[in-house]
$ cat target25.txt   # compact mmCIF, C-alpha atoms
# COMPACT_ATOMS: atom_id res chain seq x y z
CA MET A 1 20.78 38.66 78.25
CA HIS A 2 20.80 36.53 81.38
CA LEU A 3 19.17 33.64 79.53
CA LYS A 4 21.80 33.83 76.80
CA LEU A 5 24.52 33.90 79.43
CA PHE A 6 23.21 30.83 81.22
CA VAL A 7 22.64 28.93 77.98
CA LEU A 8 26.16 29.68 76.80
CA SER A 9 27.66 28.67 80.15
CA ALA A 10 25.72 25.43 80.28
CA SER A 11 26.47 24.59 76.65
CA SER A 12 30.19 25.20 77.14
CA VAL A 13 30.30 22.75 80.03
CA MET A 14 28.20 20.21 78.10
CA LEU A 15 30.33 20.56 74.95
CA TRP A 16 33.43 20.06 77.06
CA LEU A 17 32.41 17.02 79.11
CA VAL A 18 29.87 15.08 77.04
CA PRO A 19 31.98 14.37 73.91
CA LEU A 20 35.00 13.44 76.01
CA ALA A 21 32.95 11.01 78.10
CA ALA A 22 30.65 9.63 75.41
CA LEU A 23 32.81 9.35 72.28
CA ASP A 24 35.56 6.82 71.60
CA LYS A 25 39.07 8.28 71.40
CA THR A 26 40.35 5.52 69.07
CA LEU A 27 37.94 6.34 66.24
CA GLU A 28 39.06 9.13 63.97
CA ILE A 29 35.60 10.61 63.44
CA HIS A 30 34.93 10.68 67.17
CA LYS A 31 38.27 12.35 67.76
CA ALA A 32 37.45 14.99 65.20
CA LEU A 33 34.09 15.58 66.85
CA GLN A 34 35.79 15.92 70.23
CA GLY A 35 38.13 18.55 68.82
CA LEU A 36 35.25 20.46 67.29
CA SER A 37 33.18 20.32 70.45
CA LEU A 38 36.13 21.45 72.59
CA THR A 39 36.73 24.40 70.27
CA ALA A 40 33.04 25.30 70.36
CA ALA A 41 33.07 24.92 74.15
CA ILE A 42 35.94 27.39 74.45
CA ALA A 43 34.11 29.84 72.20
CA CYS A 44 30.92 29.51 74.26
CA ALA A 45 32.76 29.93 77.56
CA VAL A 46 34.65 33.02 76.38
CA THR A 47 31.48 34.60 74.96
CA ALA A 48 29.60 33.92 78.19
CA GLY A 49 32.50 35.36 80.17
CA ASN A 50 32.49 38.53 78.08
CA ILE A 51 28.74 38.98 78.50
CA ALA A 52 28.99 38.41 82.23
CA ARG A 53 31.86 40.90 82.48
CA GLU A 54 29.85 43.56 80.64
CA GLN A 55 26.90 42.96 82.95
CA ALA A 56 29.15 43.20 85.99
CA GLU A 57 30.63 46.48 84.76
CA GLN A 58 27.16 47.90 84.10
CA ASN A 59 26.05 46.85 87.58
CA GLU A 60 29.09 48.57 89.06
CA ILE A 61 28.29 51.76 87.12
CA GLU A 62 24.69 51.63 88.36
CA GLU A 63 25.89 51.20 91.92
CA ILE A 64 28.26 54.13 91.54
CA LYS A 65 25.42 56.25 90.11
CA THR A 66 23.14 55.31 93.00
CA ARG A 67 25.86 56.15 95.50
CA ALA A 68 26.53 59.48 93.77
CA ILE A 69 22.83 60.40 93.79
CA THR A 70 22.55 59.49 97.47
CA ALA A 71 25.63 61.54 98.26
CA ASP A 72 24.19 64.48 96.27
CA VAL A 73 20.91 64.34 98.17
CA VAL A 74 22.67 64.14 101.52
CA ASP A 75 24.91 67.04 100.55
CA GLU A 76 21.92 69.11 99.41
CA ILE A 77 20.06 68.47 102.65
CA ALA A 78 23.12 69.37 104.68
CA THR A 79 23.65 72.54 102.66
CA SER A 80 20.03 73.67 103.03
CA ALA A 81 20.14 72.95 106.75
CA TYR A 82 23.34 74.95 107.06
CA ILE A 83 21.92 77.87 105.07
CA SER A 84 18.70 77.98 107.10
CA GLN A 85 20.71 77.84 110.30
CA GLN A 86 22.90 80.70 109.11
CA GLN A 87 19.83 82.74 108.13
CA ARG A 88 18.24 82.22 111.51
CA GLN A 89 21.48 83.13 113.21
CA GLN A 90 21.77 86.30 111.14
CA GLU A 91 18.17 87.24 111.93
CA ALA A 92 18.78 86.66 115.62
CA GLU A 93 21.95 88.74 115.48
CA ALA A 94 20.10 91.52 113.63
CA ILE A 95 17.41 91.57 116.32
CA LEU A 96 19.99 91.64 119.08
CA THR A 97 22.07 94.36 117.46
CA SER A 98 19.14 96.53 116.29
CA PRO A 99 19.13 100.06 117.77
CA VAL A 100 16.69 101.02 120.49
CA GLU A 101 14.97 103.51 118.15
CA ASP A 102 13.63 100.66 116.03
CA VAL A 103 12.15 99.03 119.09
CA GLU A 104 10.65 102.36 120.03
CA GLU A 105 9.18 102.73 116.54
CA ALA A 106 7.73 99.25 116.73
CA ARG A 107 6.24 100.05 120.12
CA GLN A 108 4.67 103.24 118.81
CA ALA A 109 3.25 101.39 115.82
CA LEU A 110 1.75 98.80 118.12
CA GLU A 111 0.28 101.53 120.32
CA ALA A 112 -1.22 103.21 117.29
CA ILE A 113 -2.88 99.96 116.24
CA TYR A 114 -4.11 99.40 119.77
CA SER A 115 -5.50 102.93 120.04
CA ASN A 116 -7.36 102.47 116.72
CA ASP A 117 -9.00 99.37 118.13
CA SER A 118 -9.96 101.19 121.29
CA GLU A 119 -11.42 104.04 119.24
CA GLU A 120 -13.50 101.54 117.36
CA THR A 121 -14.88 100.17 120.58
CA GLU A 122 -15.48 103.68 121.81
CA VAL A 123 -17.49 104.39 118.66
CA THR A 124 -19.87 101.63 119.53
CA THR A 125 -20.18 102.83 123.08
CA LEU A 126 -20.75 106.41 122.02
CA ALA A 127 -23.66 105.31 119.92
CA THR A 128 -25.65 104.71 123.06
CA THR A 129 -25.76 108.37 124.07
CA ASN A 130 -28.91 110.29 123.50
CA GLU A 131 -27.62 113.06 121.24
CA PRO A 132 -26.76 111.74 117.78
CA THR A 133 -23.13 112.43 116.89
CA ALA A 134 -21.40 112.34 113.53
CA LEU A 135 -20.22 108.84 114.30
CA ASP A 136 -23.75 107.74 115.12
CA LYS A 137 -24.89 109.15 111.82
CA SER A 138 -22.20 107.44 109.88
CA LEU A 139 -22.96 104.16 111.67
CA TYR A 140 -26.63 104.55 110.93
CA ALA A 141 -25.84 105.29 107.28
CA GLU A 142 -23.77 102.08 107.09
CA ILE A 143 -26.55 100.13 108.77
CA CYS A 144 -29.05 101.45 106.28
CA LYS A 145 -26.81 100.53 103.37
CA SER A 146 -26.34 97.05 104.73
CA ARG A 147 -30.07 96.60 105.17
CA GLU A 148 -30.68 97.72 101.62
CA VAL A 149 -28.20 95.16 100.41
CA GLY A 150 -30.07 92.56 102.46
CA LYS A 151 -27.68 91.93 105.31
CA SER A 152 -29.10 90.49 108.48
CA SER A 153 -29.12 92.15 111.90
CA THR A 154 -26.58 89.62 113.13
CA TRP A 155 -24.18 90.55 110.34
CA ILE A 156 -24.64 94.27 111.12
CA ILE A 157 -23.98 93.76 114.83
CA GLU A 158 -20.90 91.67 114.21
CA ASN A 159 -19.35 93.63 111.33
CA ILE A 160 -20.48 97.23 111.68
CA LEU A 161 -20.89 97.57 115.43
CA LYS A 162 -18.02 95.08 115.95
CA MET A 163 -19.70 93.32 118.83
CA LYS A 164 -19.28 89.58 118.63
CA GLY A 165 -19.56 86.75 121.08
CA ARG A 166 -20.42 87.84 124.61
CA LYS A 167 -21.07 91.41 123.50
CA PHE A 168 -23.61 90.30 120.94
CA ALA A 169 -26.63 90.98 123.19
CA GLU A 170 -25.27 94.41 124.03
CA GLY A 171 -24.74 95.09 120.33
CA LYS A 172 -28.31 94.07 119.61
CA GLU A 173 -29.52 96.62 122.12
CA LYS A 174 -27.30 99.30 120.62
CA LEU A 175 -28.55 98.54 117.16
CA GLN A 176 -32.08 98.83 118.39
CA THR A 177 -31.25 102.11 120.14
CA LEU A 178 -29.67 103.56 117.01
CA LEU A 179 -32.58 102.49 114.87
CA ASN A 180 -35.10 103.90 117.34
CA LYS A 181 -33.18 107.16 117.63
CA PHE A 182 -32.82 107.85 113.90
CA ASP A 183 -36.11 106.28 112.83
CA GLY A 184 -37.85 108.40 115.48
CA GLU A 185 -36.11 111.53 114.19
CA GLY A 186 -37.13 110.60 110.63
CA LYS A 187 -40.77 110.31 111.69
CA ARG A 188 -40.62 113.70 113.41
CA MET B 1 27.73 38.52 88.01
CA ARG B 2 31.44 38.97 88.68
CA ALA B 3 31.65 35.38 89.94
CA MET B 4 29.83 34.27 86.80
CA TYR B 5 32.34 35.81 84.45
CA LEU B 6 35.28 34.56 86.49
CA ALA B 7 33.79 31.05 86.45
CA ASN B 8 33.28 31.22 82.69
CA TYR B 9 36.85 32.27 82.07
CA PHE B 10 38.02 29.52 84.39
CA VAL B 11 35.97 26.95 82.47
CA ALA B 12 37.39 28.32 79.22
CA GLY B 13 40.91 27.81 80.55
CA CYS B 14 40.11 24.26 81.65
CA ILE B 15 38.69 23.45 78.22
CA ALA B 16 41.80 24.94 76.60
CA PHE B 17 43.98 22.55 78.56
CA SER B 18 41.67 19.68 77.57
CA LEU B 19 42.04 20.78 73.97
CA LEU B 20 45.80 20.78 74.43
CA GLY B 21 45.56 17.19 75.65
CA TRP B 22 43.41 16.34 72.67
CA VAL B 23 46.00 17.89 70.34
CA ALA B 24 48.72 15.89 72.09
CA SER B 25 46.80 12.66 71.47
CA LEU B 26 46.66 13.24 67.71
CA HIS B 27 50.28 12.44 66.85
CA PRO B 28 53.57 11.66 68.67
CA HIS B 29 55.09 14.86 67.31
CA ALA B 30 52.13 16.86 68.55
CA PHE B 31 52.52 15.14 71.89
CA ARG B 32 56.16 16.26 72.11
CA ALA B 33 55.28 19.76 71.04
CA VAL B 34 52.57 20.00 73.67
CA LEU B 35 54.94 18.56 76.24
CA CYS B 36 57.52 21.24 75.37
CA LEU B 37 54.84 23.91 75.58
CA LEU B 38 53.69 22.63 78.96
CA ALA B 39 57.28 22.47 80.21
CA ALA B 40 57.87 26.05 79.13
CA THR B 41 54.61 27.08 80.76
CA ALA B 42 55.60 25.30 83.97
CA ILE B 43 58.97 27.08 84.01
CA ILE B 44 57.31 30.46 83.48
CA TRP B 45 54.78 29.61 86.18
CA CYS B 46 57.51 28.74 88.69
CA LEU B 47 59.52 31.85 87.78
CA SER B 48 56.43 33.97 88.23
CA TRP B 49 56.05 32.62 91.74
CA LEU B 50 59.68 33.38 92.47
CA LEU B 51 59.63 36.86 90.93
CA ASP B 52 56.13 37.78 91.95
CA PHE B 53 56.96 41.20 93.43
CA SER B 54 59.02 42.46 90.49
CA LEU B 55 56.57 40.96 88.01
CA SER B 56 53.60 42.57 89.72
CA SER B 57 55.24 46.00 89.52
CA ALA B 58 56.10 45.39 85.84
CA LEU B 59 52.55 44.29 85.01
CA LYS B 60 51.10 47.03 87.25
CA ILE B 61 48.90 44.64 89.22
CA SER B 62 48.93 43.79 92.88
CA VAL B 63 50.91 40.81 94.13
CA ARG B 64 47.73 39.26 95.43
CA ASP B 65 46.12 39.44 92.00
CA LEU B 66 49.19 37.91 90.35
CA GLN B 67 49.20 35.05 92.82
CA ALA B 68 45.49 34.55 92.24
CA TYR B 69 46.09 34.35 88.48
CA LEU B 70 48.91 31.83 89.00
CA ILE B 71 46.81 29.66 91.27
CA ALA B 72 43.92 29.84 88.81
CA ALA B 73 46.24 28.83 85.96
CA GLY B 74 47.50 25.85 87.97
CA ALA B 75 43.95 24.81 88.81
CA MET B 76 42.94 25.11 85.15
CA PHE B 77 45.84 22.91 84.13
CA LEU B 78 44.99 20.26 86.69
CA VAL B 79 41.25 20.26 86.00
CA GLY B 80 41.56 20.44 82.20
CA LEU B 81 44.13 17.70 81.78
CA GLY B 82 42.56 15.68 84.59
CA VAL B 83 39.19 15.70 82.84
CA TYR B 84 40.76 14.78 79.50
CA LEU B 85 42.86 11.93 80.92
CA CYS B 86 40.11 10.51 83.13
CA THR B 87 37.46 10.36 80.42
$ encode --input "target25.txt" --output "structure tokens"
Amino acid sequence: MHLKLFVLSASSVMLWLVPLAALDKTLEIHKALQGLSLTAAIACAVTAGNIAREQAEQNEIEEIKTRAITADVVDEIATSAYISQQQRQQEAEAILTSPVEDVEEARQALEAIYSNDSEETEVTTLATTNEPTALDKSLYAEICKSREVGKSSTWIIENILKMKGRKFAEGKEKLQTLLNKFDGEGKR
Amino acid sequence: MRAMYLANYFVAGCIAFSLLGWVASLHPHAFRAVLCLLAATAIIWCLSWLLDFSLSSALKISVRDLQAYLIAAGAMFLVGLGVYLCT
């Protein structure tokens, strides 16, 4: 389209100037040719102008589209930011206005979780006593099952006795104690 | 692209005035007719300058646009006839 536009523009100027400059105005044939070329030049110039105008209008539409899309994106971002801010504000207000009972419930729930953990640790410590308790038996049963499955001593210490990291050596001793205690009883 | 289409229309106007000159050179009667046409055009052009505000409201265009059209028409006349007479 651009090539056509440039060709038409250039040909209109050429058809306008060249015959007027090159041909003789006194000869009838030359005069007729000048008239024809001027008419053709007008046609070329008008056609080129129309094409260029269409292109310009299309470009304007594209620019408007681009601007509209940009505005949409900006608006969307602003809206999402506003919504998230409102949500956070509502959550904060809900926390601030929540009754004391809820806080108390949450505290109790946390205490319950904490006490469960402490019981778990106590279980491991109780396993060291001489008399085998129900917990010791259940632990030993789990250890036996794990061994049958093919789990290693490390895995048993870490996952059944729950003694990882610094307590690993202690856990190893406890495992040995449990095994000695129940294996010894089995032999008896 | 906007400049391109404006330039093309301007060139078309210039060529039209050259064609008018060519028509005027064909016969003495044609010359007189073209002269009358140009005189009428010149009168309208001058009146448009004088009545630019009322004309702009009637044509529903801004005064600046109307003045631009009038200047462009004058330039087309000068360039078109100038090119025809000088070649």
$ closest_atom_pairs --input "target25.txt" --of "chain A" --to "chain B" --cutoff "6 Å" --atoms "only C-alpha atoms" --output "CSV"
residue,atom,partner,partner_atom,distance
A:Leu20,CA,B:Thr87,CA,5.9
A:Ala21,CA,B:Thr87,CA,5.1
A:Ile42,CA,B:Ala12,CA,5.1
A:Ala45,CA,B:Ala12,CA,5.2
A:Gly49,CA,B:Tyr5,CA,4.3
A:Ala52,CA,B:Tyr5,CA,4.8
A:Arg53,CA,B:Tyr5,CA,5.5
A:Ala56,CA,B:Met1,CA,5.3
$ residues_around --input "target25.txt" --residues "A:Ile160" --least-positions-apart "5" --cutoff "10 Å" --atoms "all atoms listed in the file" --output "ChimeraX atom specification"
/A:120,124,139-140,142-143,146,154-155,171,175
$ residues_around --input "target25.txt" --residues "A:Thr47" --least-positions-apart "6" --cutoff "9 Å" --atoms "only C-alpha atoms" --output "PDB file with C-alpha atoms, in the coordinates of the input"
ATOM      1  CA  LEU A   5      24.520  33.900  79.430  1.00  0.00           C
ATOM      2  CA  LEU A   8      26.160  29.680  76.800  1.00  0.00           C
ATOM      3  CA  SER A   9      27.660  28.670  80.150  1.00  0.00           C
TER       4      SER A   9
ATOM      5  CA  ASN B   8      33.280  31.220  82.690  1.00  0.00           C
TER       6      ASN B   8
END
$ atom_distance --input "target25.txt" --atom1 "atom CA of A:Lys181" --atom2 "atom CA of A:Asp136"
9.8 Å
$ atom_distance --input "target25.txt" --atom1 "atom CA of A:Ser37" --atom2 "atom CA of A:Met14"
9.1 Å
$ atom_distance --input "target25.txt" --atom1 "atom CA of B:Ser57" --atom2 "atom CA of B:Ala40"
22.6 Å
$ closest_residue --input "target25.txt" --among "B:Ala75, B:Val63, B:Leu70, B:Leu81" --to "B:Cys46" --atoms "all atoms listed in the file"
B:Leu70
$ residues_around --input "target25.txt" --residues "B:Leu55" --least-positions-apart "5" --cutoff "12 Å" --atoms "all atoms listed in the file" --output "count of residues only"
15
$ build_atoms --input "target25.txt" --residues "stretch 75-86 of chain B" --atoms "N, CA and C atoms" --output "mmCIF file, keeping the file's coordinate frame"
data_model
loop_
_atom_site.group_PDB
_atom_site.id
_atom_site.type_symbol
_atom_site.label_atom_id
_atom_site.label_comp_id
_atom_site.auth_asym_id
_atom_site.auth_seq_id
_atom_site.Cartn_x
_atom_site.Cartn_y
_atom_site.Cartn_z
ATOM 1 N N ALA B 75 45.211 25.562 88.651
ATOM 2 C CA ALA B 75 43.950 24.810 88.810
ATOM 3 C C ALA B 75 43.363 24.457 87.448
ATOM 4 N N MET B 76 43.448 25.388 86.508
ATOM 5 C CA MET B 76 42.940 25.110 85.150
ATOM 6 C C MET B 76 43.706 23.943 84.526
ATOM 7 N N PHE B 77 45.007 23.987 84.674
ATOM 8 C CA PHE B 77 45.840 22.910 84.130
ATOM 9 C C PHE B 77 45.436 21.568 84.721
ATOM 10 N N LEU B 78 45.325 21.517 86.017
ATOM 11 C CA LEU B 78 44.990 20.260 86.690
ATOM 12 C C LEU B 78 43.603 19.772 86.286
ATOM 13 N N VAL B 79 42.635 20.653 86.315
ATOM 14 C CA VAL B 79 41.250 20.260 86.000
ATOM 15 C C VAL B 79 41.132 19.859 84.536
ATOM 16 N N GLY B 80 41.701 20.701 83.641
ATOM 17 C CA GLY B 80 41.560 20.440 82.200
ATOM 18 C C GLY B 80 42.199 19.127 81.782
ATOM 19 N N LEU B 81 43.463 18.950 82.152
ATOM 20 C CA LEU B 81 44.130 17.700 81.780
ATOM 21 C C LEU B 81 43.557 16.509 82.544
ATOM 22 N N GLY B 82 43.173 16.756 83.787
ATOM 23 C CA GLY B 82 42.560 15.680 84.590
ATOM 24 C C GLY B 82 41.285 15.174 83.933
ATOM 25 N N VAL B 83 40.439 16.097 83.503
ATOM 26 C CA VAL B 83 39.190 15.700 82.840
ATOM 27 C C VAL B 83 39.490 14.950 81.557
ATOM 28 N N TYR B 84 40.466 15.454 80.781
ATOM 29 C CA TYR B 84 40.760 14.780 79.500
ATOM 30 C C TYR B 84 41.308 13.380 79.739
ATOM 31 N N LEU B 85 42.218 13.243 80.701
ATOM 32 C CA LEU B 85 42.860 11.930 80.920
ATOM 33 C C LEU B 85 41.911 10.948 81.598
ATOM 34 N N CYS B 86 41.017 11.414 82.402
ATOM 35 C CA CYS B 86 40.110 10.510 83.130
ATOM 36 C C CYS B 86 38.902 10.080 82.312
#
